[in-house]
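A.B. asks: Encoded as structure tokens, here's the structure I'll be asking about.
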Amino acid sequence: MATLRDGTVHDLPGVYRVCRLTGLAGQDASAVTTDPDLLGHVWAGHYLLAPGAIALVVQDEQGVAGYCLAAPDTATHEAWVEERWLPPLRARHPRGTGTGLDATLVEHLHDPPRTDLTLLADHPAHLHIDLLPRLQGRGWGRRLLEDMTARLAAAGASGVHLGVDHTNTGAVAFYERLGFTELRQVPGTHLLGRRLT
Ligand SMILES: CC(C)(COP(=O)(O)OP(=O)(O)OC[C@H]1O[C@@H](n2cnc3c(N)ncnc32)[C@H](O)[C@@H]1OP(=O)(O)O)[C@@H](O)C(=O)NCCC(=O)NCCS
């Protein structure tokens with residue numbers, strides 16, 4: 001039986017695994033990454049350590065099978081990631097190393113895009129949701145999103161945004177069903193948002 005609970009630092013291996021297995025526009029990225037941890041370093045691990053970040057995980061008898069990771073204040077979170085999370089990773093993964101997706105992820109470690117401040121005025125929070133196939137289509141995405149949006153609102157966030165790869169049509173349909181709308185056009189990405197107050 002699967003259960004939803006707060007994530008802790010001890011969930012890092014499970015969260016990294018889910019991140020890799022859903023990291024290619026919602027599909028398994030294992031075959032296109034050599035370093036199994038780079039996707040987790042870029043997209044997931046910091047939410048389990050950064051002050052103020054919120055991590056929810058769904059666990060079943062096989063381990064962590066899904067998560068929702070979020071920050072109520074994206075600008076503060078990005079500043080913490082820059083100051084505390086990235087320096088040791090940059091030392092371990094020098095600029096220009098890796099091939100294919102790994103190279104893109106290493107580039108991301110060195111030059112992470114900062115979220116546009118005009119977007120943050122109305123949608124200061126952001127989140128990520130990923131579920132392994134065995135949990136998909138059973139209402140866990142809705143449960144995670146509703147629990148997380150309530151927590152973000154309680155933390156004072158007036159709105160939440162997220163990016164979805166433009167090829168991930170199933171995820172876009174899911175978010176639209178849950179009340180998200182397109183905020184602006186970004187090449188290759190649907191930038192979606194929902195007001196929380
Ligand atoms: C996208 C994802 C989070 C959705 O979670 P889920 O648990 O599968 O979705 P749920 O079962 O909670 O569905 C919630 C609602 O969204 C709808 N929905 C979910 N997936 C859908 C799809 N592919 N197409 C249309 N509607 C969809 C459901 O019909 C449901 O509607 P209802 O509650 O009104 O009946 C999950 O499938 C997933 O993690 N996919 C792989 C990783 C991924 O793509 N993550 C998003 C990256 S931005």
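Following the order of the structure tokens, chains are lettered A, B, ..., residues in each are numbered from 1, and ligands are numbered from 1.
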Write out as a PyMOL selection string each polymer residue whose atoms come within 12 Å of Met148 of chain A, counting only C-alpha atoms; drop sequence neighbours fewer than 5 positions from it.

C.D. replies: chain A and resi 4-6+53-57+67-72+125-129+140-143+153-155+157+159-160+196

A.B. asks: Give me the chain A side of the contact with ligand 1, cut-off 10 Å, one line per residue showing its nearest atom pair and distance in Å at one decimal, counting only C-alpha atoms and all ligand atoms, sorted by chain and residue number, as a Markdown table.

C.D. replies:
| residue | atom | partner | partner_atom_place_in_ligand_line | distance |
| --- | --- | --- | --- | --- |
| A:Val18 | CA | ligand 1 | 42 (C) | 8.9 |
| A:Cys19 | CA | ligand 1 | 42 (C) | 8.5 |
| A:Leu21 | CA | ligand 1 | 42 (C) | 8.6 |
| A:Thr22 | CA | ligand 1 | 42 (C) | 5.1 |
| A:Gly23 | CA | ligand 1 | 42 (C) | 7.4 |
| A:Leu24 | CA | ligand 1 | 44 (O) | 8.4 |
| A:Ala25 | CA | ligand 1 | 44 (O) | 5.9 |
| A:Gly26 | CA | ligand 1 | 44 (O) | 3.5 |
| A:Gln27 | CA | ligand 1 | 41 (C) | 6.4 |
| A:Asp28 | CA | ligand 1 | 41 (C) | 9.0 |
| A:Ala65 | CA | ligand 1 | 39 (O) | 9.5 |
| A:Gly66 | CA | ligand 1 | 39 (O) | 7.1 |
| A:Tyr67 | CA | ligand 1 | 39 (O) | 8.4 |
| A:Cys68 | CA | ligand 1 | 3 (C) | 8.6 |
| A:Leu127 | CA | ligand 1 | 48 (S) | 8.7 |
| A:His128 | CA | ligand 1 | 48 (S) | 6.1 |
| A:Ile129 | CA | ligand 1 | 3 (C) | 5.2 |
| A:Asp130 | CA | ligand 1 | 39 (O) | 3.6 |
| A:Leu131 | CA | ligand 1 | 39 (O) | 3.6 |
| A:Leu132 | CA | ligand 1 | 39 (O) | 6.2 |
| A:Pro133 | CA | ligand 1 | 41 (C) | 6.9 |
| A:Arg134 | CA | ligand 1 | 8 (O) | 9.3 |
| A:Leu135 | CA | ligand 1 | 7 (O) | 6.4 |
| A:Gln136 | CA | ligand 1 | 8 (O) | 3.5 |
| A:Gly137 | CA | ligand 1 | 11 (O) | 3.4 |
| A:Arg138 | CA | ligand 1 | 11 (O) | 4.2 |
| A:Gly139 | CA | ligand 1 | 12 (O) | 3.2 |
| A:Trp140 | CA | ligand 1 | 7 (O) | 4.1 |
| A:Gly141 | CA | ligand 1 | 7 (O) | 3.4 |
| A:Arg142 | CA | ligand 1 | 12 (O) | 3.8 |
| A:Arg143 | CA | ligand 1 | 12 (O) | 6.5 |
| A:Leu144 | CA | ligand 1 | 12 (O) | 8.0 |
| A:Leu145 | CA | ligand 1 | 12 (O) | 8.4 |
| A:Glu146 | CA | ligand 1 | 12 (O) | 9.8 |
| A:Leu162 | CA | ligand 1 | 48 (S) | 7.2 |
| A:Gly163 | CA | ligand 1 | 48 (S) | 6.1 |
| A:Val164 | CA | ligand 1 | 48 (S) | 4.3 |
| A:Asp165 | CA | ligand 1 | 48 (S) | 6.8 |
| A:His166 | CA | ligand 1 | 48 (S) | 9.6 |
| A:Thr167 | CA | ligand 1 | 44 (O) | 9.7 |
| A:Asn168 | CA | ligand 1 | 44 (O) | 6.2 |
| A:Thr169 | CA | ligand 1 | 23 (N) | 6.8 |
| A:Gly170 | CA | ligand 1 | 23 (N) | 3.3 |
| A:Ala171 | CA | ligand 1 | 1 (C) | 4.0 |
| A:Val172 | CA | ligand 1 | 1 (C) | 7.5 |
| A:Ala173 | CA | ligand 1 | 25 (C) | 4.6 |
| A:Phe174 | CA | ligand 1 | 16 (O) | 4.0 |
| A:Tyr175 | CA | ligand 1 | 16 (O) | 6.9 |
| A:Glu176 | CA | ligand 1 | 16 (O) | 8.0 |
| A:Arg177 | CA | ligand 1 | 16 (O) | 5.4 |
| A:Leu178 | CA | ligand 1 | 16 (O) | 6.7 |
| A:Thr189 | CA | ligand 1 | 48 (S) | 9.6 |
| A:His190 | CA | ligand 1 | 48 (S) | 9.1 |
| A:Leu191 | CA | ligand 1 | 48 (S) | 9.8 |
| A:Leu192 | CA | ligand 1 | 48 (S) | 9.7 |

A.B. asks: Can you write out the residues you just picked, keeping C-alpha atoms, as a CSV table (one decimal), in the first residue's frame?

C.D. replies:
chain,number,residue,atom,x,y,z
A,18,VAL,CA,12.4,8.7,-9.3
A,19,CYS,CA,13.9,11.8,-10.8
A,21,LEU,CA,13.3,7.3,-14.1
A,22,THR,CA,11.0,10.2,-15.0
A,23,GLY,CA,13.6,12.7,-16.2
A,24,LEU,CA,13.1,12.6,-19.9
A,25,ALA,CA,9.9,14.6,-20.3
A,26,GLY,CA,8.2,12.2,-17.9
A,27,GLN,CA,9.9,9.1,-19.3
A,28,ASP,CA,12.9,7.0,-18.1
A,65,ALA,CA,7.8,5.9,-5.9
A,66,GLY,CA,6.9,9.6,-6.3
A,67,TYR,CA,7.3,13.1,-4.9
A,68,CYS,CA,6.2,16.7,-5.0
A,127,LEU,CA,7.0,22.9,-7.7
A,128,HIS,CA,7.8,19.6,-9.4
A,129,ILE,CA,5.8,16.4,-9.3
A,130,ASP,CA,7.0,13.0,-10.6
A,131,LEU,CA,5.5,9.6,-10.1
A,132,LEU,CA,6.8,6.2,-11.2
A,133,PRO,CA,4.5,4.5,-13.7
A,134,ARG,CA,3.2,2.1,-11.1
A,135,LEU,CA,1.7,5.0,-9.2
A,136,GLN,CA,0.4,7.0,-12.2
A,137,GLY,CA,-3.3,7.4,-13.0
A,138,ARG,CA,-4.4,6.5,-9.4
A,139,GLY,CA,-5.0,9.9,-8.0
A,140,TRP,CA,-1.6,10.4,-6.3
A,141,GLY,CA,-0.7,13.4,-8.5
A,142,ARG,CA,-3.9,15.1,-7.5
A,143,ARG,CA,-3.4,14.3,-3.8
A,144,LEU,CA,0.2,15.5,-3.9
A,145,LEU,CA,-0.7,18.7,-5.7
A,146,GLU,CA,-3.6,19.5,-3.4
A,162,LEU,CA,6.1,25.3,-13.0
A,163,GLY,CA,7.6,24.4,-16.3
A,164,VAL,CA,6.6,21.4,-18.4
A,165,ASP,CA,8.5,20.1,-21.4
A,166,HIS,CA,6.3,20.8,-24.5
A,167,THR,CA,6.4,17.1,-25.5
A,168,ASN,CA,4.9,16.1,-22.1
A,169,THR,CA,1.3,16.4,-23.2
A,170,GLY,CA,0.0,14.1,-20.5
A,171,ALA,CA,1.5,16.3,-17.7
A,172,VAL,CA,0.1,19.5,-19.3
A,173,ALA,CA,-3.4,17.9,-19.4
A,174,PHE,CA,-3.0,16.9,-15.7
A,175,TYR,CA,-2.0,20.4,-14.6
A,176,GLU,CA,-4.8,22.0,-16.6
A,177,ARG,CA,-7.3,19.6,-15.0
A,178,LEU,CA,-6.0,20.8,-11.6
A,189,THR,CA,8.4,24.6,-22.4
A,190,HIS,CA,4.9,25.2,-21.2
A,191,LEU,CA,5.1,27.7,-18.3
A,192,LEU,CA,2.0,27.1,-16.2

A.B. asks: Compare A:Arg151, A:Arg184, A:His123, A:Arg194 by their minimum atom-to-atom distance to Gly52 of chain A, counting only C-alpha atoms, and give me the closest one.

C.D. replies: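 Residue with the minimum atom-to-atom distance to Gly52 of chain A: A:Arg151.
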